[in-house]
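What follows is the content of structure_15.tsv, which has TSV, C-alpha atoms:
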```
chain	number	residue	atom	x	y	z
A	1	MET	CA	-62.01	-3.44	111.59
A	2	ASN	CA	-65.50	-3.45	113.05
A	3	THR	CA	-64.31	-3.20	116.64
A	4	HIS	CA	-62.05	-0.29	115.70
A	5	ASP	CA	-65.03	1.51	114.17
A	6	ASP	CA	-67.14	0.65	117.20
A	7	LEU	CA	-64.61	2.24	119.51
A	8	THR	CA	-64.22	5.41	117.44
A	9	ARG	CA	-68.00	5.68	117.12
A	10	ALA	CA	-68.28	5.26	120.88
A	11	LEU	CA	-65.70	8.03	121.25
A	12	ALA	CA	-67.78	10.36	119.11
A	13	ARG	CA	-70.85	9.51	121.18
A	14	ALA	CA	-69.00	9.92	124.46
A	15	TYR	CA	-69.29	13.71	124.13
A	16	PRO	CA	-72.90	14.10	123.04
A	17	GLU	CA	-73.99	17.33	121.44
A	18	THR	CA	-76.26	19.36	123.64
A	19	PRO	CA	-77.76	22.21	121.61
A	20	GLY	CA	-79.00	24.13	124.66
A	21	HIS	CA	-75.51	24.09	126.10
A	22	LEU	CA	-73.93	25.26	122.84
A	23	HIS	CA	-76.54	27.96	122.61
A	24	ARG	CA	-75.56	29.30	126.02
A	25	LEU	CA	-71.89	29.23	125.04
A	26	ARG	CA	-72.71	31.20	121.88
A	27	ASP	CA	-74.62	33.79	123.91
A	28	ARG	CA	-71.59	34.10	126.19
A	29	LEU	CA	-69.33	34.51	123.16
A	30	ALA	CA	-71.52	37.30	121.79
A	31	ALA	CA	-71.41	39.11	125.15
A	32	ALA	CA	-67.63	38.72	125.39
A	33	ALA	CA	-67.14	39.91	121.80
A	34	GLN	CA	-69.29	42.96	122.53
A	35	ARG	CA	-67.30	43.65	125.72
A	36	ASP	CA	-63.98	43.37	123.85
A	37	GLY	CA	-65.15	45.64	121.04
A	38	ILE	CA	-64.73	43.03	118.30
A	39	LEU	CA	-68.40	42.49	117.46
A	40	ASP	CA	-68.34	44.55	114.26
A	41	VAL	CA	-71.82	43.47	113.15
A	42	ALA	CA	-74.57	42.02	115.36
A	43	TYR	CA	-77.74	40.66	113.81
A	44	ARG	CA	-81.04	39.02	114.55
A	45	THR	CA	-84.29	38.34	112.73
A	46	VAL	CA	-87.78	39.46	113.71
A	47	ASP	CA	-91.18	38.36	112.45
A	48	SER	CA	-93.39	41.02	110.94
A	49	PRO	CA	-96.55	41.40	108.84
A	50	VAL	CA	-94.24	41.75	105.82
A	51	GLY	CA	-92.35	38.56	106.60
A	52	PRO	CA	-89.17	37.85	108.55
A	53	LEU	CA	-86.85	40.85	108.65
A	54	LEU	CA	-83.10	40.62	109.15
A	55	LEU	CA	-81.76	43.43	111.35
A	56	ALA	CA	-78.02	44.15	111.50
A	57	ALA	CA	-76.19	46.82	113.49
A	58	THR	CA	-72.63	48.06	113.83
A	59	GLU	CA	-71.34	49.86	116.93
A	60	LEU	CA	-72.64	53.06	115.27
A	61	GLY	CA	-76.19	51.95	114.72
A	62	LEU	CA	-78.63	50.03	112.55
A	63	VAL	CA	-76.86	49.35	109.26
A	64	ARG	CA	-79.17	46.96	107.41
A	65	VAL	CA	-82.77	45.82	107.32
A	66	ALA	CA	-83.44	43.03	104.83
A	67	TYR	CA	-86.55	41.35	103.52
A	68	ASP	CA	-86.76	37.59	103.24
A	69	SER	CA	-86.82	37.96	99.45
A	70	GLU	CA	-83.28	39.36	99.54
A	71	ASP	CA	-82.13	36.06	101.14
A	72	HIS	CA	-80.70	36.70	104.59
A	73	GLY	CA	-77.69	34.43	104.03
A	74	THR	CA	-76.71	36.42	100.95
A	75	VAL	CA	-77.18	39.70	102.82
A	76	LEU	CA	-74.97	38.52	105.72
A	77	GLN	CA	-72.28	37.39	103.27
A	78	SER	CA	-72.43	40.82	101.67
A	79	LEU	CA	-72.09	42.51	105.09
A	80	SER	CA	-69.07	40.28	105.73
A	81	GLU	CA	-67.43	41.56	102.56
A	82	ARG	CA	-68.45	45.21	102.80
A	83	ILE	CA	-68.10	45.84	106.55
A	84	SER	CA	-66.35	43.02	108.42
A	85	PRO	CA	-66.58	39.23	108.78
A	86	ARG	CA	-66.73	39.61	112.57
A	87	ILE	CA	-70.48	39.03	112.56
A	88	LEU	CA	-72.52	37.18	115.18
A	89	ASP	CA	-76.15	36.36	115.75
A	90	ALA	CA	-76.32	38.62	118.81
A	91	PRO	CA	-79.83	39.96	119.48
A	92	ALA	CA	-79.02	42.31	122.36
A	93	ARG	CA	-77.74	45.16	120.15
A	94	LEU	CA	-80.99	45.03	118.14
A	95	ASP	CA	-83.36	45.01	121.11
A	96	ALA	CA	-84.41	48.65	120.73
A	97	THR	CA	-84.87	48.32	116.97
A	98	ALA	CA	-86.95	45.17	117.37
A	99	ARG	CA	-89.13	46.90	119.97
A	100	GLU	CA	-89.68	49.96	117.80
A	101	LEU	CA	-90.55	47.82	114.78
A	102	GLU	CA	-93.04	45.88	116.87
A	103	GLU	CA	-94.65	49.16	117.95
A	104	TYR	CA	-94.66	50.41	114.35
A	105	PHE	CA	-96.35	47.27	113.04
A	106	ALA	CA	-98.90	47.51	115.86
A	107	GLY	CA	-99.72	51.04	114.67
A	108	HIS	CA	-98.35	52.64	117.83
A	109	ARG	CA	-95.22	54.27	116.42
A	110	GLN	CA	-94.87	56.75	113.56
A	111	ALA	CA	-91.09	57.37	113.51
A	112	PHE	CA	-87.97	55.49	114.54
A	113	ASP	CA	-85.54	56.80	117.15
A	114	VAL	CA	-82.69	54.28	116.82
A	115	ALA	CA	-79.26	55.42	115.61
A	116	LEU	CA	-78.57	54.65	111.96
A	117	ASP	CA	-75.28	53.73	110.31
A	118	TRP	CA	-75.54	55.02	106.72
A	119	ARG	CA	-72.32	53.48	105.39
A	120	LEU	CA	-74.09	51.19	102.91
A	121	ALA	CA	-75.63	54.15	101.05
A	122	ALA	CA	-73.29	56.57	99.31
A	123	GLY	CA	-73.44	59.76	97.25
A	124	PHE	CA	-76.71	60.85	95.69
A	125	ARG	CA	-78.46	57.69	96.89
A	126	ARG	CA	-77.74	58.67	100.47
A	127	THR	CA	-78.92	62.23	99.78
A	128	VAL	CA	-82.18	60.80	98.45
A	129	LEU	CA	-82.65	58.51	101.48
A	130	TYR	CA	-82.08	61.46	103.85
A	131	GLN	CA	-85.04	63.26	102.22
A	132	LEU	CA	-87.41	60.38	102.91
A	133	ALA	CA	-87.58	61.25	106.59
A	134	ASP	CA	-89.48	64.38	105.52
A	135	ILE	CA	-92.33	62.33	104.07
A	136	GLY	CA	-94.52	62.00	107.11
A	137	TYR	CA	-96.13	58.85	108.41
A	138	GLY	CA	-99.20	57.96	106.34
A	139	GLN	CA	-98.14	60.36	103.55
A	140	THR	CA	-96.69	59.61	100.14
A	141	ALA	CA	-94.49	61.57	97.73
A	142	THR	CA	-93.77	60.97	94.06
A	143	TYR	CA	-90.35	59.98	92.74
A	144	ALA	CA	-90.28	63.37	90.96
A	145	LYS	CA	-90.99	65.26	94.19
A	146	VAL	CA	-88.22	63.41	96.02
A	147	ALA	CA	-85.80	64.17	93.17
A	148	GLN	CA	-86.69	67.82	93.59
A	149	LEU	CA	-86.19	67.66	97.38
A	150	ALA	CA	-82.83	65.98	96.86
A	151	GLY	CA	-81.74	68.94	94.74
A	152	ASN	CA	-81.81	67.29	91.32
A	153	PRO	CA	-85.31	67.43	89.77
A	154	LYS	CA	-84.19	65.53	86.68
A	155	ALA	CA	-82.87	62.55	88.66
A	156	VAL	CA	-86.20	60.75	88.88
A	157	ARG	CA	-84.75	57.41	87.81
A	158	ALA	CA	-81.86	57.79	90.27
A	159	VAL	CA	-84.43	58.26	93.03
A	160	GLY	CA	-86.01	54.98	91.93
A	161	THR	CA	-82.59	53.30	92.15
A	162	ALA	CA	-81.91	54.82	95.57
A	163	CYS	CA	-85.23	53.45	96.87
A	164	ALA	CA	-84.62	50.04	95.28
A	165	THR	CA	-81.23	49.77	97.00
A	166	ASN	CA	-82.26	51.28	100.35
A	167	PRO	CA	-80.22	49.37	102.97
A	168	LEU	CA	-82.71	50.34	105.70
A	169	PRO	CA	-86.22	49.69	104.36
A	170	VAL	CA	-89.23	50.24	106.66
A	171	VAL	CA	-87.08	52.38	109.01
A	172	VAL	CA	-86.10	54.71	106.17
A	173	PRO	CA	-89.50	54.93	104.51
A	174	CYS	CA	-88.88	54.36	100.80
A	175	HIS	CA	-92.30	52.65	100.76
A	176	ARG	CA	-93.83	56.15	100.86
A	177	VAL	CA	-92.45	57.01	97.43
A	178	VAL	CA	-94.97	56.36	94.64
A	179	ARG	CA	-95.43	57.06	90.95
A	180	SER	CA	-96.69	60.39	89.58
A	181	ASP	CA	-99.54	58.63	87.72
A	182	GLY	CA	-100.93	57.33	91.02
A	183	GLY	CA	-99.41	53.87	90.59
A	184	MET	CA	-97.67	52.39	93.56
A	185	GLY	CA	-94.33	51.76	91.86
A	186	GLY	CA	-91.97	48.95	92.70
A	187	TYR	CA	-90.57	48.01	96.09
A	188	LEU	CA	-87.51	46.06	97.13
A	189	GLY	CA	-89.61	43.97	99.51
A	190	GLY	CA	-92.23	43.29	96.82
A	191	VAL	CA	-95.34	45.29	95.92
A	192	ASP	CA	-97.44	43.37	98.45
A	193	ALA	CA	-95.17	44.52	101.27
A	194	LYS	CA	-95.39	48.13	100.08
A	195	ARG	CA	-99.20	47.88	99.96
A	196	THR	CA	-99.23	46.38	103.48
A	197	LEU	CA	-97.08	49.19	104.91
A	198	LEU	CA	-99.09	51.97	103.24
A	199	ALA	CA	-102.38	50.38	104.39
A	200	LEU	CA	-101.02	50.06	107.93
A	201	GLU	CA	-100.06	53.73	108.01
A	202	ALA	CA	-103.33	54.86	106.43
A	203	ALA	CA	-105.34	52.93	109.04
A	204	ALA	CA	-103.46	54.06	112.14
B	1	MET	CA	-61.04	35.87	95.61
B	2	ILE	CA	-62.95	33.63	97.99
B	3	ALA	CA	-65.03	35.85	100.24
B	4	LYS	CA	-64.87	35.06	103.92
B	5	PRO	CA	-68.18	33.95	105.46
B	6	PRO	CA	-69.59	35.71	108.56
B	7	PHE	CA	-67.95	34.45	111.76
B	8	GLU	CA	-71.37	33.21	112.90
B	9	THR	CA	-71.10	30.57	110.16
B	10	VAL	CA	-67.79	29.39	111.65
B	11	VAL	CA	-69.32	29.07	115.13
B	12	ALA	CA	-72.35	27.22	113.77
B	13	ALA	CA	-70.23	24.83	111.69
B	14	HIS	CA	-67.50	24.04	114.22
B	15	GLY	CA	-68.87	24.94	117.67
B	16	ALA	CA	-69.85	21.36	118.51
B	17	THR	CA	-66.53	19.90	117.33
B	18	VAL	CA	-64.50	22.39	119.35
B	19	LEU	CA	-66.61	21.67	122.43
B	20	ARG	CA	-65.96	17.91	122.06
B	21	VAL	CA	-62.24	18.58	121.72
B	22	CYS	CA	-62.20	20.82	124.81
B	23	ARG	CA	-64.12	18.24	126.84
B	24	ALA	CA	-61.83	15.42	125.73
B	25	VAL	CA	-58.55	17.16	126.55
B	26	LEU	CA	-59.68	19.13	129.61
B	27	GLY	CA	-62.76	17.49	131.09
B	28	ALA	CA	-66.21	19.00	131.35
B	29	ALA	CA	-65.36	21.43	134.18
B	30	ASP	CA	-62.87	23.52	132.18
B	31	ALA	CA	-64.24	22.88	128.69
B	32	ASP	CA	-66.67	25.80	128.61
B	33	ASP	CA	-64.00	28.37	129.43
B	34	ALA	CA	-61.61	26.88	126.88
B	35	TRP	CA	-64.37	26.93	124.24
B	36	SER	CA	-65.13	30.60	124.94
B	37	GLU	CA	-61.45	31.57	124.90
B	38	THR	CA	-60.93	29.65	121.67
B	39	PHE	CA	-63.73	31.35	119.76
B	40	LEU	CA	-62.98	34.79	121.19
B	41	SER	CA	-59.33	34.49	120.07
B	42	ALA	CA	-60.41	33.08	116.72
B	43	MET	CA	-62.84	35.95	116.16
B	44	LYS	CA	-60.10	38.49	116.88
B	45	ALA	CA	-57.77	36.84	114.37
B	46	TYR	CA	-60.42	35.86	111.81
B	47	GLU	CA	-59.88	38.79	109.47
B	48	ASP	CA	-56.20	37.84	109.03
B	49	LEU	CA	-56.92	34.16	108.37
B	50	PRO	CA	-56.18	33.29	104.71
B	51	ALA	CA	-59.46	32.72	102.87
B	52	ASP	CA	-58.40	29.22	101.80
B	53	ALA	CA	-57.25	28.11	105.29
B	54	ASP	CA	-58.71	24.96	106.87
B	55	VAL	CA	-60.90	26.59	109.50
B	56	ARG	CA	-61.42	23.43	111.55
B	57	ALA	CA	-57.68	22.70	111.87
B	58	TRP	CA	-57.10	26.36	112.74
B	59	LEU	CA	-59.75	26.25	115.50
B	60	VAL	CA	-58.45	22.97	116.95
B	61	THR	CA	-54.95	24.47	117.02
B	62	ILE	CA	-56.24	27.44	119.02
B	63	ALA	CA	-58.23	25.12	121.32
B	64	HIS	CA	-55.08	23.05	121.88
B	65	ARG	CA	-53.16	26.17	123.01
B	66	LYS	CA	-56.01	27.30	125.23
B	67	ALA	CA	-56.18	23.85	126.81
B	68	ILE	CA	-52.46	24.03	127.60
B	69	ASP	CA	-53.01	27.47	129.19
B	70	VAL	CA	-55.89	26.14	131.30
B	71	THR	CA	-53.90	23.06	132.36
B	72	ARG	CA	-50.90	25.19	133.37
B	73	ALA	CA	-53.11	27.58	135.32
B	74	ALA	CA	-54.71	24.62	137.10
B	75	ALA	CA	-51.27	23.18	137.94
B	76	ARG	CA	-50.30	26.47	139.59
B	77	ARG	CA	-53.38	26.42	141.76
B	78	PRO	CA	-52.88	24.86	145.19
B	79	ILE	CA	-54.50	21.44	145.50
B	80	PRO	CA	-57.72	21.80	147.51
B	81	VAL	CA	-57.16	19.42	150.41
B	82	ALA	CA	-60.82	18.75	151.10
B	83	GLU	CA	-61.41	17.34	147.62
B	84	THR	CA	-58.43	15.02	147.49
B	85	PRO	CA	-60.00	11.84	148.95
B	86	GLU	CA	-62.97	11.97	146.58
B	87	THR	CA	-60.80	12.70	143.55
B	88	ALA	CA	-58.59	9.78	144.45
B	89	ALA	CA	-61.61	7.54	144.82
B	90	VAL	CA	-62.84	8.45	141.35
B	91	ALA	CA	-59.41	7.88	139.85
B	92	CYS	CA	-59.18	4.43	141.46
B	93	ASP	CA	-62.64	3.43	140.32
B	94	LEU	CA	-62.24	0.49	137.94
B	95	ASP	CA	-65.64	1.09	136.40
B	96	LEU	CA	-64.29	3.79	134.12
B	97	ASP	CA	-66.28	5.00	131.18
B	98	LEU	CA	-64.73	5.97	127.90
B	99	THR	CA	-64.27	9.65	128.70
B	100	ASP	CA	-62.39	8.74	131.87
B	101	ALA	CA	-60.28	6.28	129.92
B	102	LEU	CA	-59.40	8.97	127.37
B	103	ALA	CA	-58.66	11.44	130.15
B	104	GLY	CA	-56.24	8.91	131.63
B	105	LEU	CA	-54.07	8.57	128.50
B	106	PRO	CA	-50.65	10.23	128.29
B	107	PRO	CA	-51.11	13.76	126.82
B	108	LYS	CA	-49.72	13.06	123.36
B	109	GLN	CA	-51.86	9.95	122.88
B	110	GLN	CA	-54.91	11.70	124.28
B	111	GLN	CA	-54.42	14.69	121.98
B	112	SER	CA	-53.70	12.57	118.90
B	113	VAL	CA	-56.79	10.43	119.48
B	114	THR	CA	-58.92	13.53	120.09
B	115	TYR	CA	-57.73	15.59	117.14
B	116	HIS	CA	-57.87	12.69	114.69
B	117	PHE	CA	-60.90	10.67	115.82
B	118	LEU	CA	-63.05	13.34	117.48
B	119	ALA	CA	-62.15	16.39	115.38
B	120	GLY	CA	-61.52	14.46	112.18
B	121	LEU	CA	-58.17	16.07	111.35
B	122	PRO	CA	-55.69	14.19	109.14
B	123	TYR	CA	-52.47	13.09	110.89
B	124	ALA	CA	-50.43	15.78	109.13
B	125	ASP	CA	-52.60	18.43	110.83
B	126	VAL	CA	-52.49	16.55	114.14
B	127	ALA	CA	-48.68	16.52	113.92
B	128	ALA	CA	-48.59	20.25	113.23
B	129	ILE	CA	-50.52	20.78	116.47
B	130	VAL	CA	-48.89	18.29	118.87
B	131	GLY	CA	-45.40	18.42	117.31
B	132	GLY	CA	-43.38	15.63	115.63
B	133	SER	CA	-44.10	13.85	112.38
B	134	ALA	CA	-47.39	12.65	110.94
B	135	ASP	CA	-46.20	9.07	111.46
B	136	ALA	CA	-45.48	9.78	115.11
B	137	ALA	CA	-48.98	11.25	115.50
B	138	ARG	CA	-50.45	8.17	113.82
B	139	ARG	CA	-48.50	5.89	116.20
B	140	ALA	CA	-49.55	7.93	119.24
B	141	ALA	CA	-53.22	7.73	118.19
B	142	SER	CA	-52.90	4.02	117.48
B	143	ASP	CA	-51.26	3.39	120.88
B	144	GLY	CA	-53.98	5.48	122.49
B	145	ILE	CA	-56.76	3.50	120.83
B	146	ALA	CA	-55.10	0.22	121.81
B	147	SER	CA	-54.88	1.43	125.39
B	148	LEU	CA	-58.53	2.57	125.35
B	149	ARG	CA	-59.53	-0.84	124.09
B	150	ARG	CA	-57.75	-2.47	127.05
B	151	THR	CA	-59.36	-0.20	129.64
B	152	TYR	CA	-62.63	-0.11	127.76
B	153	PRO	CA	-63.14	-3.60	126.33
B	154	GLY	CA	-66.83	-3.00	125.67
B	155	GLY	CA	-65.95	-1.09	122.50
B	156	GLY	CA	-69.33	0.13	121.32
B	157	ALA	CA	-71.06	-0.27	124.70
B	158	ARG	CA	-71.49	2.88	126.66
B	159	LYS	CA	-72.66	3.64	130.14
B	160	GLY	CA	-72.94	6.45	132.58
B	161	ALA	CA	-73.90	9.16	130.12
B	162	PRO	CA	-75.22	11.96	132.32
B	163	ASP	CA	-78.00	13.05	129.95
B	164	GLU	CA	-79.57	9.69	129.23
B	165	HIS	CA	-81.71	7.51	131.44
B	166	ALA	CA	-82.53	4.67	129.07
```
Same coordinates, now as structure tokens:
Amino acid sequence: MNTHDDLTRALARAYPETPGHLHRLRDRLAAAAQRDGILDVAYRTVDSPVGPLLLAATELGLVRVAYDSEDHGTVLQSLSERISPRILDAPARLDATARELEEYFAGHRQAFDVALDWRLAAGFRRTVLYQLADIGYGQTATYAKVAQLAGNPKAVRAVGTACATNPLPVVVPCHRVVRSDGGMGGYLGGVDAKRTLLALEAAA
Amino acid sequence: MIAKPPFETVVAAHGATVLRVCRAVLGAADADDAWSETFLSAMKAYEDLPADADVRAWLVTIAHRKAIDVTRAAARRPIPVAETPETAAVACDLDLDLTDALAGLPPKQQQSVTYHFLAGLPYADVAAIVGGSADAARRAASDGIASLRRTYPGGGARKGAPDEHA
């Protein structure tokens, strides 16, 4: 059956894969999906001083920022389950976010202007995350202070949980929340990333 | 419950296969549009696809329907007179390469060969797409391969690939 295999192998080779061509087709698909209103989640990754960041946006706005340590594949699978499986690697929707992050990491931007989609944070956690915008660039606040701002001074641990599950790190500045004893506290992107962000803001 | 992966995963896993299928049944000129239509339709319907469905067979089925649409639309278009002599010359050229040979097969043979040998679908799936029984699909593919071997005796040899200048 060698000749049979030869012919079928030749068939497979007769339509050679051309990655550049497929890439263009995928770009076209993303544009068409956006036009038809079926691109429920668009994503891209950007490089940053705290490692590659996954950015994902719905039609409403930025819905997720994820550190490499969270595993981007796992995060995308979770977005598929929680929001919609109609997800494409489609950078255009994240252009403004990517630009603002670049400016932030260059020390030229202190606050983000992009629209946010808060659907991945609910209840008290969302209330906590809303308060973080009030901690100015280069400032820090303690977990206890944030609990107080969120209207529940006893909920210090819940503030810690809200920060640890922040779906929009960097943009929603949970890195500015530190311990009352002066310690830095944990961070979902790792303590090194938190130190990097605080140092960046202190220097600018 | 099996969670459905992001649609991007589907495009990455099957994009090349679907493009080969579109090229084989339509030719390079119409393949890109058929590919785009296939994935756009698939993305619209993706949420309703059962989680345990065979995604590749599902995509090839959609591509098959899109190819029929494109072929019908082309048949309705008036034949451009200026191009006819050249087209005829190409069709009469005896130095056919394999893609031309496949393009020249009767539709059912061409589709059965493409869906089984290029897309890797079992004959039961091929039959579900082209109609008839799995045995009939197997015979059509077998007849198609036999015919290809007659018009393309070189078997493994290949020439005229546009992207290679070896």
**atom CA of A:Ser48 to atom CA of A:Gly138, straight-line distance in Å** = 18.5 Å
**Prompt:** Would you list which chain B residues are within 8 Å of chain A using all atoms listed in the file, as a PyMOL selection string?
**Reply:** chain B and resi 3-8+11+15-16+20+23-24+32+35-36+39-40+43-44+46-47+98-99+117-118+149+155-158+161
Residue selection dump (C-alpha atoms) as a PDB file, in the coordinates of the input:
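Saved the output as result.pdb:
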```
ATOM      1  CA  ALA B   3     -65.030  35.850 100.240  1.00  0.00           C
ATOM      2  CA  LYS B   4     -64.870  35.060 103.920  1.00  0.00           C
ATOM      3  CA  PRO B   5     -68.180  33.950 105.460  1.00  0.00           C
ATOM      4  CA  PRO B   6     -69.590  35.710 108.560  1.00  0.00           C
ATOM      5  CA  PHE B   7     -67.950  34.450 111.760  1.00  0.00           C
ATOM      6  CA  GLU B   8     -71.370  33.210 112.900  1.00  0.00           C
ATOM      7  CA  VAL B  11     -69.320  29.070 115.130  1.00  0.00           C
ATOM      8  CA  GLY B  15     -68.870  24.940 117.670  1.00  0.00           C
ATOM      9  CA  ALA B  16     -69.850  21.360 118.510  1.00  0.00           C
ATOM     10  CA  ARG B  20     -65.960  17.910 122.060  1.00  0.00           C
ATOM     11  CA  ARG B  23     -64.120  18.240 126.840  1.00  0.00           C
ATOM     12  CA  ALA B  24     -61.830  15.420 125.730  1.00  0.00           C
ATOM     13  CA  ASP B  32     -66.670  25.800 128.610  1.00  0.00           C
ATOM     14  CA  TRP B  35     -64.370  26.930 124.240  1.00  0.00           C
ATOM     15  CA  SER B  36     -65.130  30.600 124.940  1.00  0.00           C
ATOM     16  CA  PHE B  39     -63.730  31.350 119.760  1.00  0.00           C
ATOM     17  CA  LEU B  40     -62.980  34.790 121.190  1.00  0.00           C
ATOM     18  CA  MET B  43     -62.840  35.950 116.160  1.00  0.00           C
ATOM     19  CA  LYS B  44     -60.100  38.490 116.880  1.00  0.00           C
ATOM     20  CA  TYR B  46     -60.420  35.860 111.810  1.00  0.00           C
ATOM     21  CA  GLU B  47     -59.880  38.790 109.470  1.00  0.00           C
ATOM     22  CA  LEU B  98     -64.730   5.970 127.900  1.00  0.00           C
ATOM     23  CA  THR B  99     -64.270   9.650 128.700  1.00  0.00           C
ATOM     24  CA  PHE B 117     -60.900  10.670 115.820  1.00  0.00           C
ATOM     25  CA  LEU B 118     -63.050  13.340 117.480  1.00  0.00           C
ATOM     26  CA  ARG B 149     -59.530  -0.840 124.090  1.00  0.00           C
ATOM     27  CA  GLY B 155     -65.950  -1.090 122.500  1.00  0.00           C
ATOM     28  CA  GLY B 156     -69.330   0.130 121.320  1.00  0.00           C
ATOM     29  CA  ALA B 157     -71.060  -0.270 124.700  1.00  0.00           C
ATOM     30  CA  ARG B 158     -71.490   2.880 126.660  1.00  0.00           C
ATOM     31  CA  ALA B 161     -73.900   9.160 130.120  1.00  0.00           C
TER      32      ALA B 161
END
```
**Message:** Just want the 9 Å neighbourhood of B:Leu121, counted on only C-alpha atoms, with same-chain residues fewer than 5 positions away dropped. Output as a list in words.
**Reply:**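 So the residues in contact are Arg56, Ala57, Val60, Tyr115, His116 and Val126 of chain B.
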**Message:** Just to confirm, what's the straight-line distance from atom CA of B:Asp48 to atom CA of B:Ala128 in Å (one decimal)?
**Reply:**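 Between atom CA of B:Asp48 and atom CA of B:Ala128 the gap works out to 19.6 Å.
Here atom CA of A:Phe112 is placed at a distance of 24.3 Å from atom CA of A:Asp71.
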**B:Ser147 environment, 12 Å, all atoms listed in the file, sequence neighbours closer than 4 positions dropped, as a PyMOL selection string** = (chain A and resi 7) or (chain B and resi 98+101-106+109-110+113+140-143+151-153+155)
**Request:** Determine, counting only C-alpha atoms, which protein, DNA and RNA residues have an atom within 8 Å of an atom of stretch 144-161 of chain A; residues of the same chain fewer than 2 positions away are not included. Present the result as number ranges by chain.
**Result:** A: 125, 127-128, 131-132, 141-142, 163-165, 177, 180
**12 Å contact set for A:Ala203, all atoms listed in the file, chain neighbours under 6 positions out, as a list in words** =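 Skipping anything fewer than 6 positions along the chain leaves Phe105, Ala106, Gly107, His108, Tyr137, Gly138, Gln139, Thr196 and Leu197 of chain A.
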**Prompt:** A:Leu188: which residues within 9 Å, counting all atoms listed in the file, same-chain residues fewer than 3 positions away excluded, as a list in words?
**Reply:** Tyr67, Ser69, Glu70, Cys163, Ala164, Thr165, Asn166, Pro169, His175, Val191, Ala193 and Lys194 of chain A
